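The next block holds one structure in the form of structure tokens; read it before the comments.
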Amino acid sequence: MVLNKVKTIGKAIQAVATSDPDTRVRRLYELADPEKQFAHRTTRYINIGYWKDGTADPDRAGEDLALELAGTAGFEPADTVLDVGFGYGEQDFAWLRANRIHKVHGLEVSPRHVAGARAQAESEGLRDRADFRVGSATGLPYPDGMFDRVVALDSALHFNTRGAFFTEALRVLKPGGVLAAIDTIPLSGATPRTDFRSSRLSLYRFSVPDANWYDRHTYTRRLLDAGFTDPDVTSIRDRTWEGWYRYWTGLVSDPEALGKLHPEAAREFVKEWSDHRRIRREVDLLDSVTVFARKP
């Protein structure tokens, strides 16, 4: 166990030490062992979730956030969709099932995540409607005007930069096509990223480029600057960060619920949440937004 802990610390140091933002994000998201991370889960969503009244678990909240993005984007059955930074692709399968979109293409910096999504597409018989590949959000490997919708679920904050992603999204969208996202940003652009010192939220300190650290009013201007029209950036933090905090602080004080976690994951979880007051202060600095914009 000591050896495993040393290896994990070494990987974390290696992750934050690299100067390449894409590599840093990939390494940080690959620190967790998925077999342990999702041992108590029925899905592999890694977003913060959309916590409706009565939502009892991160699987339901994760899917509800994906469906919230589908509603923001206005998915239609004939749509060809590009999902950038798709994680393990859980939302893509939800959209294929619930929204019955024609086809989804997914781009992700982590080969591990791509392999997992491809395996699920194979097992569900969806290889002809779901194409997943490794790539960067700022160099989309697709021709001009290919997509009806380009979406990013809780991922665009990591892109280097979000503005470069906007430019690429505009290029690959059809005229009249939609860019939609659910994104995490600071409530105030004046908040230093160094304020995030808890191990649970240090992701925002180490894996968000400085150029992406702005509030929702600046977000709207950046969409206009990129050439989009009809931008709408709306806060949903009361249904995201607030519910996320309530759920996980409740779990850490529930021995029965902790007992359902993989033992190693439970130990790490309790350690992460030991300073829940600091996490509360840091959550109060963050916003979560739905984003909509249209290509002229």
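Note on naming: chains are A, B, ... as they come in the structure tokens, residues start from 1 per chain, ligands start from 1 in the order shown.
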
Could you find all residues in stretch 106-146 of chain A that DSSP calls alpha helix (DSSP H) from the backbone, and write them as a PyMOL selection string? chain A and resi 111-123

Which residues are near A:Leu69? Cut-off 12 Å, only C-alpha atoms, ignore same chain within fewer than 2 positions. Put them as a PDB file with C-alpha atoms, in the first residue's frame.
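To be explicit, this is the file written out as part.pdb:
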ATOM      1  CA  ASN A  47     -18.735  15.808 -14.599  1.00  0.00           C
ATOM      2  CA  GLY A  49     -23.611  16.694 -12.170  1.00  0.00           C
ATOM      3  CA  TYR A  50     -26.971  18.445 -12.366  1.00  0.00           C
ATOM      4  CA  GLY A  62     -24.127  13.080 -14.355  1.00  0.00           C
ATOM      5  CA  GLU A  63     -26.705  11.963 -16.902  1.00  0.00           C
ATOM      6  CA  ASP A  64     -29.003  14.874 -16.063  1.00  0.00           C
ATOM      7  CA  LEU A  65     -26.134  17.286 -16.759  1.00  0.00           C
ATOM      8  CA  ALA A  66     -25.611  15.596 -20.125  1.00  0.00           C
ATOM      9  CA  LEU A  67     -29.319  15.936 -20.921  1.00  0.00           C
ATOM     10  CA  GLY A  71     -31.456  20.690 -24.305  1.00  0.00           C
ATOM     11  CA  THR A  72     -29.201  23.745 -24.503  1.00  0.00           C
ATOM     12  CA  ALA A  73     -27.812  22.577 -27.844  1.00  0.00           C
ATOM     13  CA  GLY A  74     -31.286  21.731 -29.178  1.00  0.00           C
ATOM     14  CA  PHE A  75     -30.398  18.262 -30.436  1.00  0.00           C
ATOM     15  CA  ASP A  83     -18.344  16.133 -28.558  1.00  0.00           C
ATOM     16  CA  GLN A  91     -23.078  11.353 -22.430  1.00  0.00           C
ATOM     17  CA  ASP A  92     -22.655  10.317 -26.057  1.00  0.00           C
ATOM     18  CA  ALA A  94     -27.167   8.877 -23.518  1.00  0.00           C
ATOM     19  CA  TRP A  95     -27.682  11.232 -26.470  1.00  0.00           C
ATOM     20  CA  ASN A  99     -32.155  12.157 -28.221  1.00  0.00           C
ATOM     21  CA  ARG A 149     -23.648  20.882 -33.231  1.00  0.00           C
ATOM     22  CA  VAL A 150     -20.311  21.119 -31.450  1.00  0.00           C
ATOM     23  CA  VAL A 151     -20.545  20.519 -27.695  1.00  0.00           C
ATOM     24  CA  ALA A 152     -18.272  20.347 -24.657  1.00  0.00           C
ATOM     25  CA  LEU A 153     -19.523  18.906 -21.377  1.00  0.00           C
ATOM     26  CA  ASP A 154     -17.597  20.318 -18.408  1.00  0.00           C
ATOM     27  CA  VAL A 178     -24.723  25.549 -32.757  1.00  0.00           C
ATOM     28  CA  LEU A 179     -21.883  25.600 -30.256  1.00  0.00           C
ATOM     29  CA  ALA A 180     -23.091  24.534 -26.807  1.00  0.00           C
ATOM     30  CA  ALA A 181     -21.276  23.791 -23.587  1.00  0.00           C
ATOM     31  CA  ILE A 182     -21.573  23.373 -19.872  1.00  0.00           C
ATOM     32  CA  ASP A 183     -18.489  24.934 -18.406  1.00  0.00           C
ATOM     33  CA  ILE A 236     -26.676  27.039 -13.251  1.00  0.00           C
ATOM     34  CA  VAL A 289     -22.780  27.897 -16.902  1.00  0.00           C
ATOM     35  CA  THR A 290     -24.718  26.715 -19.906  1.00  0.00           C
ATOM     36  CA  VAL A 291     -23.340  28.167 -23.138  1.00  0.00           C
ATOM     37  CA  PHE A 292     -25.150  28.637 -26.452  1.00  0.00           C
TER      38      PHE A 292
END

Neighbouring residues of A:Ser288 were defined as those with any atom within 10 Å, considering only C-alpha atoms; residues of the same chain fewer than 5 positions away were excluded. Please report them as a short mmCIF file (atom, residue, chain, number, x, y, z; two decimals) with N, CA and C atoms, in the first residue's frame.
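File written: result-v3.cif
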data_model
loop_
_atom_site.label_atom_id
_atom_site.label_comp_id
_atom_site.auth_asym_id
_atom_site.auth_seq_id
_atom_site.Cartn_x
_atom_site.Cartn_y
_atom_site.Cartn_z
N ILE A 48 -19.56 17.33 -12.87
CA ILE A 48 -20.00 17.67 -11.50
C ILE A 48 -21.47 17.36 -11.27
N ASP A 154 -18.48 20.14 -19.56
CA ASP A 154 -17.60 20.32 -18.41
C ASP A 154 -16.13 20.06 -18.76
N ILE A 182 -21.43 23.11 -21.30
CA ILE A 182 -21.57 23.37 -19.87
C ILE A 182 -20.15 23.49 -19.37
N ASP A 183 -19.88 24.60 -18.70
CA ASP A 183 -18.49 24.93 -18.41
C ASP A 183 -18.37 25.46 -16.98
N THR A 184 -17.18 25.31 -16.42
CA THR A 184 -16.86 25.85 -15.10
C THR A 184 -15.96 27.07 -15.27
N ILE A 185 -16.34 28.17 -14.64
CA ILE A 185 -15.59 29.42 -14.70
C ILE A 185 -15.63 30.06 -13.31
N PRO A 186 -14.80 31.06 -13.06
CA PRO A 186 -14.89 31.75 -11.77
C PRO A 186 -16.09 32.70 -11.75
N LEU A 187 -16.69 32.87 -10.59
CA LEU A 187 -17.73 33.89 -10.46
C LEU A 187 -17.16 35.27 -10.75
N ARG A 216 -18.64 35.05 -16.74
CA ARG A 216 -19.57 34.77 -17.83
C ARG A 216 -19.81 35.96 -18.74
N VAL A 233 -24.93 32.91 -22.10
CA VAL A 233 -24.14 32.25 -21.06
C VAL A 233 -24.89 32.43 -19.74
N THR A 234 -25.45 31.33 -19.22
CA THR A 234 -26.36 31.39 -18.08
C THR A 234 -25.85 30.55 -16.92
N SER A 235 -25.86 31.12 -15.73
CA SER A 235 -25.39 30.39 -14.55
C SER A 235 -26.39 29.31 -14.13
N ILE A 236 -25.86 28.13 -13.81
CA ILE A 236 -26.68 27.04 -13.25
C ILE A 236 -26.01 26.50 -11.98
N ARG A 237 -25.22 27.34 -11.31
CA ARG A 237 -24.44 26.85 -10.17
C ARG A 237 -25.31 26.31 -9.04
N ASP A 238 -26.54 26.82 -8.89
CA ASP A 238 -27.41 26.32 -7.83
C ASP A 238 -27.79 24.86 -8.04
N ARG A 239 -27.73 24.40 -9.29
CA ARG A 239 -28.07 23.00 -9.61
C ARG A 239 -26.83 22.14 -9.84
N THR A 240 -25.67 22.76 -9.80
CA THR A 240 -24.44 22.01 -10.06
C THR A 240 -23.54 22.00 -8.83
N TRP A 241 -22.83 23.11 -8.58
CA TRP A 241 -21.88 23.13 -7.48
C TRP A 241 -22.55 22.94 -6.12
#

Of the residues A:Ile46, A:Val104, A:Val208, A:Leu82, which is the one nearest to A:Arg127, using only C-alpha atoms? A:Val104

List the spatial neighbours of A:Lys36 as a CSV table (one decimal) with N, CA, C and O atoms, in the first residue's frame - criterion: any atom at most 12 Å away, only C-alpha atoms, same-chain residues fewer than 2 positions off excluded.
chain,number,residue,atom,x,y,z
A,31,LEU,N,-4.9,9.8,-13.4
A,31,LEU,CA,-4.3,9.4,-12.1
A,31,LEU,C,-5.2,8.4,-11.4
A,31,LEU,O,-4.7,7.5,-10.8
A,32,ALA,N,-6.5,8.5,-11.5
A,32,ALA,CA,-7.4,7.6,-10.8
A,32,ALA,C,-7.5,6.3,-11.6
A,32,ALA,O,-7.6,6.3,-12.8
A,33,ASP,N,-7.5,5.2,-10.9
A,33,ASP,CA,-7.8,3.9,-11.4
A,33,ASP,C,-9.3,3.7,-11.7
A,33,ASP,O,-10.0,3.7,-10.7
A,34,PRO,N,-9.7,3.6,-12.9
A,34,PRO,CA,-11.2,3.5,-13.2
A,34,PRO,C,-11.9,2.4,-12.5
A,34,PRO,O,-13.0,2.4,-12.1
A,38,PHE,N,-14.8,3.9,-10.2
A,38,PHE,CA,-16.2,3.6,-10.5
A,38,PHE,C,-16.8,2.3,-9.9
A,38,PHE,O,-17.8,1.8,-10.4
A,39,ALA,N,-16.1,1.8,-8.9
A,39,ALA,CA,-16.5,0.5,-8.4
A,39,ALA,C,-17.9,0.5,-7.8
A,39,ALA,O,-18.6,-0.5,-7.9
A,40,HIS,N,-18.4,1.7,-7.3
A,40,HIS,CA,-19.7,1.8,-6.7
A,40,HIS,C,-20.7,2.4,-7.6
A,40,HIS,O,-21.8,2.8,-7.2
A,41,ARG,N,-20.3,2.6,-8.9
A,41,ARG,CA,-21.1,3.4,-9.8
A,41,ARG,C,-21.7,2.5,-10.9
A,41,ARG,O,-21.1,1.4,-11.2
A,44,ARG,N,-19.8,6.0,-15.9
A,44,ARG,CA,-18.5,6.6,-15.7
A,44,ARG,C,-18.5,8.1,-16.0
A,44,ARG,O,-17.5,8.6,-16.6
A,260,LYS,N,-19.5,1.1,0.5
A,260,LYS,CA,-19.8,0.7,-0.9
A,260,LYS,C,-18.7,1.0,-1.8
A,260,LYS,O,-18.6,0.5,-2.9
A,261,LEU,N,-17.8,1.9,-1.4
A,261,LEU,CA,-16.7,2.3,-2.2
A,261,LEU,C,-15.6,1.3,-2.2
A,261,LEU,O,-15.5,0.5,-1.2
A,262,HIS,N,-14.7,1.2,-3.2
A,262,HIS,CA,-13.5,0.4,-3.1
A,262,HIS,C,-12.7,0.9,-1.9
A,262,HIS,O,-12.6,2.1,-1.7
A,263,PRO,N,-12.2,0.0,-1.1
A,263,PRO,CA,-11.5,0.5,0.2
A,263,PRO,C,-10.4,1.5,-0.1
A,263,PRO,O,-10.3,2.5,0.7
A,264,GLU,N,-9.6,1.4,-1.1
A,264,GLU,CA,-8.6,2.4,-1.3
A,264,GLU,C,-9.2,3.7,-1.8
A,264,GLU,O,-8.7,4.8,-1.3
A,265,ALA,N,-10.2,3.6,-2.6
A,265,ALA,CA,-10.9,4.9,-3.0
A,265,ALA,C,-11.6,5.6,-1.8
A,265,ALA,O,-11.6,6.8,-1.7
A,266,ALA,N,-12.1,4.8,-0.9
A,266,ALA,CA,-12.8,5.4,0.3
A,266,ALA,C,-11.7,6.1,1.1
A,266,ALA,O,-12.0,7.2,1.6
A,267,ARG,N,-10.6,5.5,1.3
A,267,ARG,CA,-9.5,6.2,2.1
A,267,ARG,C,-9.1,7.5,1.5
A,267,ARG,O,-9.0,8.5,2.2
A,268,GLU,N,-8.9,7.5,0.2
A,268,GLU,CA,-8.5,8.7,-0.5
A,268,GLU,C,-9.6,9.7,-0.4
A,268,GLU,O,-9.4,10.9,-0.3
A,269,PHE,N,-10.9,9.3,-0.6
A,269,PHE,CA,-12.0,10.2,-0.5
A,269,PHE,C,-12.1,10.9,0.8
A,269,PHE,O,-12.3,12.1,0.9

Please, what distance in Å, to one decimal, runs between atom CA of A:Asp215 and atom CA of A:Gly189? 5.1 Å
